Amino acid sequence: MSRNIVLFGFMGSGKSSVGRILSRKFGMELLEMDDEIERREASTINDIFKNRGEAFFRECERHLVEELAERDGLVISTGGGVVIDERNIRDLGRNGVLICLDASPETIHRRTNRDDYRPLLHTTDPLEKIRELLASRQPFYDLVPHHVRTDGLSVGEVAGEVLTILGRCGWHRDGPTG
Ligand code: S3P
């Protein structure tokens, strides 16, 4: 039986909001990978990208995944780009049920365009950038076993869909059984 719940998906797909609901429901700790990296590096994601570069950030993600794959009882909200290193999906899958939240470029744009903490979207045409990144990453997101389409759904409705998947995987209100 899987001991962590891991949420994947592009920026703005709703991982953090859904993660909070699941964490409350199951009484499990929510681990936001971006927040944890910011804490460890004592820096914001924007500054990590600016001062150390994206490759360094990906190394931070990789190290954190290696640690989290050994832990239990977490709801893990990943960063949207964690999937581009396929080892991250494989490792988190050893001890977790993996669910990907999907959304169209337009939905993602609408959900992210007032935030400024996502360095990859600091471009003159964020919607085009979202389209490009999403297209290039789709083969990796497709490796995640469970998917929920989030366009037009409220956070509560997405959480409901996720709970249905978890139920099928043997998770109930008090956590995993079996
Ligand atoms: C990234 C997504 C961000 C954050 C960083 C890079 C990406 O996380 O990890 O800005 O490459 O898609 P969210 O998906 O939580 O916004």
# chains A, B, ... in the order shown; residues from 1 in each chain; ligands from 1
>>> closest_atom_pairs(of="chain A", to="ligand 1", cutoff="6 Å", atoms="only C-alpha atoms and all ligand atoms", output="tab-separated table")
residue	atom	partner	partner_atom_place_in_ligand_line	distance
A:Phe10	CA	ligand 1	14 (O)	5.3
A:Met11	CA	ligand 1	14 (O)	3.5
A:Gly12	CA	ligand 1	16 (O)	6.0
A:Asp34	CA	ligand 1	9 (O)	5.4
A:Gly79	CA	ligand 1	8 (O)	3.6
A:Gly80	CA	ligand 1	14 (O)	3.4
A:Gly81	CA	ligand 1	11 (O)	3.5
A:Arg118	CA	ligand 1	10 (O)	4.3
A:Pro119	CA	ligand 1	10 (O)	5.5
>>> write_last_selection(atoms="all heavy atoms", output="compact mmCIF listing (two decimals), in the first residue's frame")
# COMPACT_ATOMS: atom_id res chain seq x y z
N PHE A 10 1.10 20.84 -14.10
CA PHE A 10 1.71 22.09 -14.52
C PHE A 10 1.43 23.18 -13.48
O PHE A 10 0.51 23.06 -12.67
CB PHE A 10 1.13 22.50 -15.88
CG PHE A 10 2.00 23.44 -16.66
CD1 PHE A 10 3.08 22.96 -17.41
CD2 PHE A 10 1.75 24.80 -16.66
CE1 PHE A 10 3.88 23.83 -18.13
CE2 PHE A 10 2.55 25.68 -17.39
CZ PHE A 10 3.62 25.19 -18.12
N MET A 11 2.23 24.27 -13.55
CA MET A 11 1.95 25.44 -12.71
C MET A 11 0.48 25.82 -12.84
O MET A 11 -0.07 25.80 -13.95
CB MET A 11 2.79 26.63 -13.20
CG MET A 11 4.28 26.43 -13.09
SD MET A 11 5.22 27.80 -13.82
CE MET A 11 5.73 27.10 -15.38
N GLY A 12 -0.15 26.14 -11.72
CA GLY A 12 -1.53 26.59 -11.78
C GLY A 12 -2.54 25.48 -11.99
O GLY A 12 -3.71 25.75 -12.25
N ASP A 34 8.25 23.28 -3.41
CA ASP A 34 8.83 24.62 -3.63
C ASP A 34 9.13 25.32 -2.30
O ASP A 34 10.18 25.93 -2.14
CB ASP A 34 7.88 25.51 -4.45
CG ASP A 34 7.88 25.15 -5.92
OD1 ASP A 34 8.75 24.37 -6.36
OD2 ASP A 34 7.00 25.66 -6.65
N GLY A 79 6.63 20.61 -7.65
CA GLY A 79 6.72 21.74 -8.57
C GLY A 79 6.38 21.25 -9.97
O GLY A 79 6.61 20.08 -10.31
N GLY A 80 5.84 22.14 -10.78
CA GLY A 80 5.33 21.74 -12.09
C GLY A 80 6.36 21.10 -13.02
O GLY A 80 6.00 20.35 -13.93
N GLY A 81 7.65 21.37 -12.77
CA GLY A 81 8.68 20.85 -13.68
C GLY A 81 9.38 19.61 -13.16
O GLY A 81 10.31 19.11 -13.80
N ARG A 118 6.59 32.93 -10.40
CA ARG A 118 6.97 31.80 -11.26
C ARG A 118 7.92 32.31 -12.35
O ARG A 118 7.47 32.83 -13.37
CB ARG A 118 5.73 31.17 -11.87
CG ARG A 118 4.84 30.51 -10.83
CD ARG A 118 3.71 29.75 -11.50
NE ARG A 118 2.92 29.01 -10.54
CZ ARG A 118 1.79 29.47 -10.00
NH1 ARG A 118 1.34 30.66 -10.27
NH2 ARG A 118 1.12 28.70 -9.16
N PRO A 119 9.23 32.12 -12.12
CA PRO A 119 10.21 32.74 -13.03
C PRO A 119 10.05 32.32 -14.49
O PRO A 119 10.31 33.12 -15.39
CB PRO A 119 11.57 32.26 -12.47
CG PRO A 119 11.26 31.15 -11.51
CD PRO A 119 9.87 31.36 -11.03
>>> select_by_dssp(residues="stretch 85-139 of chain A", states="strand (DSSP E)", output="list in words")
Gly96, Val97, Leu98, Ile99, Cys100, Leu101 and Asp102 of chain A
>>> closest_residue(among="A:Val83, A:Val75, A:Ala55, A:Val162", to="A:Phe26", atoms="only C-alpha atoms")
A:Val75
>>> select_by_dssp(residues="stretch 58-152 of chain A", states="helix (DSSP H, G or I)", output="NGL selection string")
:A and (58-68 or 82-84 or 86-94 or 105-112 or 119-121 or 126-141)
>>> write_last_selection(atoms="N, CA and C atoms", output="tab-separated table (two decimals), in the first residue's frame")
chain	number	residue	atom	x	y	z
A	58	ARG	N	16.80	22.39	-10.37
A	58	ARG	CA	16.42	20.98	-10.68
A	58	ARG	C	17.20	20.01	-9.80
A	59	GLU	N	18.46	20.36	-9.48
A	59	GLU	CA	19.23	19.50	-8.57
A	59	GLU	C	18.60	19.52	-7.18
A	60	CYS	N	18.16	20.69	-6.75
A	60	CYS	CA	17.50	20.77	-5.42
A	60	CYS	C	16.26	19.88	-5.42
A	61	GLU	N	15.49	19.95	-6.50
A	61	GLU	CA	14.28	19.12	-6.59
A	61	GLU	C	14.64	17.65	-6.52
A	62	ARG	N	15.69	17.29	-7.27
A	62	ARG	CA	16.10	15.88	-7.34
A	62	ARG	C	16.50	15.36	-5.94
A	63	HIS	N	17.30	16.16	-5.23
A	63	HIS	CA	17.73	15.72	-3.89
A	63	HIS	C	16.54	15.58	-2.95
A	64	LEU	N	15.63	16.53	-3.05
A	64	LEU	CA	14.45	16.48	-2.18
A	64	LEU	C	13.60	15.24	-2.50
A	65	VAL	N	13.43	14.94	-3.77
A	65	VAL	CA	12.65	13.75	-4.14
A	65	VAL	C	13.31	12.50	-3.55
A	66	GLU	N	14.62	12.42	-3.63
A	66	GLU	CA	15.29	11.23	-3.09
A	66	GLU	C	14.99	11.07	-1.61
A	67	GLU	N	14.92	12.18	-0.90
A	67	GLU	CA	14.58	12.10	0.54
A	67	GLU	C	13.12	11.73	0.74
A	68	LEU	N	12.26	12.40	0.01
A	68	LEU	CA	10.81	12.21	0.24
A	68	LEU	C	10.37	10.79	-0.11
A	82	VAL	N	8.94	19.10	-12.03
A	82	VAL	CA	9.66	17.97	-11.42
A	82	VAL	C	9.66	16.73	-12.33
A	83	VAL	N	8.65	16.65	-13.19
A	83	VAL	CA	8.49	15.46	-14.06
A	83	VAL	C	9.55	15.35	-15.15
A	84	ILE	N	10.25	16.48	-15.45
A	84	ILE	CA	11.18	16.40	-16.59
A	84	ILE	C	12.38	15.52	-16.28
A	86	GLU	N	12.63	12.01	-15.24
A	86	GLU	CA	11.71	10.86	-15.06
A	86	GLU	C	11.98	10.06	-13.79
A	87	ARG	N	13.23	10.15	-13.31
A	87	ARG	CA	13.55	9.41	-12.08
A	87	ARG	C	12.69	9.90	-10.93
A	88	ASN	N	12.29	11.17	-10.98
A	88	ASN	CA	11.47	11.71	-9.89
A	88	ASN	C	10.11	11.02	-9.83
A	89	ILE	N	9.53	10.76	-11.00
A	89	ILE	CA	8.23	10.07	-11.03
A	89	ILE	C	8.41	8.65	-10.51
A	90	ARG	N	9.44	8.00	-11.01
A	90	ARG	CA	9.69	6.61	-10.60
A	90	ARG	C	9.91	6.52	-9.09
A	91	ASP	N	10.77	7.37	-8.55
A	91	ASP	CA	11.12	7.27	-7.12
A	91	ASP	C	9.92	7.59	-6.22
A	92	LEU	N	9.18	8.64	-6.56
A	92	LEU	CA	8.01	8.98	-5.73
A	92	LEU	C	6.95	7.90	-5.83
A	93	GLY	N	6.94	7.19	-6.95
A	93	GLY	CA	5.95	6.13	-7.17
A	93	GLY	C	6.22	4.87	-6.36
A	94	ARG	N	7.43	4.75	-5.84
A	94	ARG	CA	7.74	3.55	-5.05
A	94	ARG	C	6.96	3.52	-3.75
A	105	PRO	N	-3.82	25.24	-21.56
A	105	PRO	CA	-2.98	26.45	-21.46
A	105	PRO	C	-3.80	27.67	-21.06
A	106	GLU	N	-5.01	27.79	-21.59
A	106	GLU	CA	-5.84	28.96	-21.28
A	106	GLU	C	-6.23	28.98	-19.79
A	107	THR	N	-6.61	27.82	-19.27
A	107	THR	CA	-6.95	27.73	-17.84
A	107	THR	C	-5.73	28.09	-17.00
A	108	ILE	N	-4.60	27.54	-17.38
A	108	ILE	CA	-3.37	27.80	-16.60
A	108	ILE	C	-3.03	29.29	-16.63
A	109	HIS	N	-3.18	29.87	-17.80
A	109	HIS	CA	-2.87	31.30	-17.94
A	109	HIS	C	-3.79	32.12	-17.03
A	110	ARG	N	-5.06	31.80	-17.05
A	110	ARG	CA	-6.01	32.53	-16.22
A	110	ARG	C	-5.66	32.39	-14.73
A	111	ARG	N	-5.23	31.19	-14.34
A	111	ARG	CA	-4.97	30.96	-12.92
A	111	ARG	C	-3.63	31.55	-12.46
A	112	THR	N	-2.72	31.81	-13.41
A	112	THR	CA	-1.37	32.23	-12.99
A	112	THR	C	-1.06	33.68	-13.32
A	119	PRO	N	9.23	32.12	-12.12
A	119	PRO	CA	10.21	32.74	-13.03
A	119	PRO	C	10.05	32.32	-14.49
A	120	LEU	N	9.59	31.10	-14.72
A	120	LEU	CA	9.49	30.64	-16.12
A	120	LEU	C	8.39	31.38	-16.89
A	121	LEU	N	7.51	32.04	-16.15
A	121	LEU	CA	6.43	32.77	-16.84
A	121	LEU	C	6.70	34.27	-16.90
A	126	PRO	N	3.30	35.13	-21.78
A	126	PRO	CA	3.21	33.96	-20.90
A	126	PRO	C	2.34	32.84	-21.47
A	127	LEU	N	1.24	33.19	-22.17
A	127	LEU	CA	0.36	32.13	-22.69
A	127	LEU	C	1.11	31.27	-23.70
A	128	GLU	N	1.89	31.90	-24.57
A	128	GLU	CA	2.67	31.14	-25.55
A	128	GLU	C	3.70	30.27	-24.84
A	129	LYS	N	4.32	30.83	-23.81
A	129	LYS	CA	5.31	30.07	-23.04
A	129	LYS	C	4.65	28.85	-22.38
A	130	ILE	N	3.45	29.05	-21.84
A	130	ILE	CA	2.72	27.94	-21.21
A	130	ILE	C	2.45	26.86	-22.27
A	131	ARG	N	2.02	27.29	-23.45
A	131	ARG	CA	1.73	26.31	-24.52
A	131	ARG	C	2.98	25.49	-24.85
A	132	GLU	N	4.09	26.19	-25.01
A	132	GLU	CA	5.34	25.50	-25.38
A	132	GLU	C	5.78	24.52	-24.30
A	133	LEU	N	5.80	25.02	-23.06
A	133	LEU	CA	6.28	24.17	-21.96
A	133	LEU	C	5.37	22.96	-21.76
A	134	LEU	N	4.07	23.22	-21.83
A	134	LEU	CA	3.10	22.13	-21.63
A	134	LEU	C	3.28	21.07	-22.72
A	135	ALA	N	3.43	21.52	-23.96
A	135	ALA	CA	3.61	20.56	-25.07
A	135	ALA	C	4.89	19.75	-24.86
A	136	SER	N	5.96	20.40	-24.45
A	136	SER	CA	7.21	19.66	-24.31
A	136	SER	C	7.18	18.73	-23.10
A	137	ARG	N	6.38	19.07	-22.10
A	137	ARG	CA	6.34	18.23	-20.89
A	137	ARG	C	5.26	17.15	-20.93
A	138	GLN	N	4.32	17.27	-21.85
A	138	GLN	CA	3.18	16.34	-21.85
A	138	GLN	C	3.61	14.87	-21.79
A	139	PRO	N	4.65	14.47	-22.56
A	139	PRO	CA	5.05	13.05	-22.49
A	139	PRO	C	5.45	12.63	-21.07
A	140	PHE	N	5.96	13.57	-20.30
A	140	PHE	CA	6.35	13.23	-18.92
A	140	PHE	C	5.12	13.16	-18.01
A	141	TYR	N	4.24	14.14	-18.15
A	141	TYR	CA	3.01	14.07	-17.34
A	141	TYR	C	2.25	12.78	-17.65
>>> closest_residue(among="A:Val6, A:Val18, A:Ala103, A:Leu30", to="A:Pro145", atoms="only C-alpha atoms")
A:Val6
>>> residues_around(residues="A:Gly160", least_positions_apart="6", cutoff="10 Å", atoms="only C-alpha atoms", output="JSON, numbers by chain")
{"A": [18, 21, 22, 154, 166]}
>>> closest_atom_pairs(of="stretch 4-69 of chain A", to="stretch 95-99 of chain A", cutoff="9 Å", atoms="only C-alpha atoms", output="JSON lines")
{"residue": "A:Asn4", "atom": "CA", "partner": "A:Gly96", "partner_atom": "CA", "distance": 4.3}
{"residue": "A:Ile5", "atom": "CA", "partner": "A:Val97", "partner_atom": "CA", "distance": 5.1}
{"residue": "A:Val6", "atom": "CA", "partner": "A:Leu98", "partner_atom": "CA", "distance": 4.9}
{"residue": "A:Leu7", "atom": "CA", "partner": "A:Ile99", "partner_atom": "CA", "distance": 5.1}
{"residue": "A:Phe8", "atom": "CA", "partner": "A:Ile99", "partner_atom": "CA", "distance": 6.0}
{"residue": "A:Gly9", "atom": "CA", "partner": "A:Ile99", "partner_atom": "CA", "distance": 8.3}
{"residue": "A:Ala69", "atom": "CA", "partner": "A:Asn95", "partner_atom": "CA", "distance": 6.2}
>>> closest_residue(among="A:Arg39, A:Lys25, A:Arg20, A:Arg3", to="A:Glu70", atoms="only C-alpha atoms")
A:Arg3
>>> residues_around(residues="A:Ser17", least_positions_apart="6", cutoff="10 Å", atoms="only C-alpha atoms", output="ChimeraX atom specification")
/A:77,155-156,158-159
>>> atom_distance(atom1="atom CA of A:Asn46", atom2="atom CA of A:Asp116")
8.7 Å
>>> atom_distance(atom1="atom CA of A:Leu74", atom2="atom CA of A:Gly27")
9.4 Å
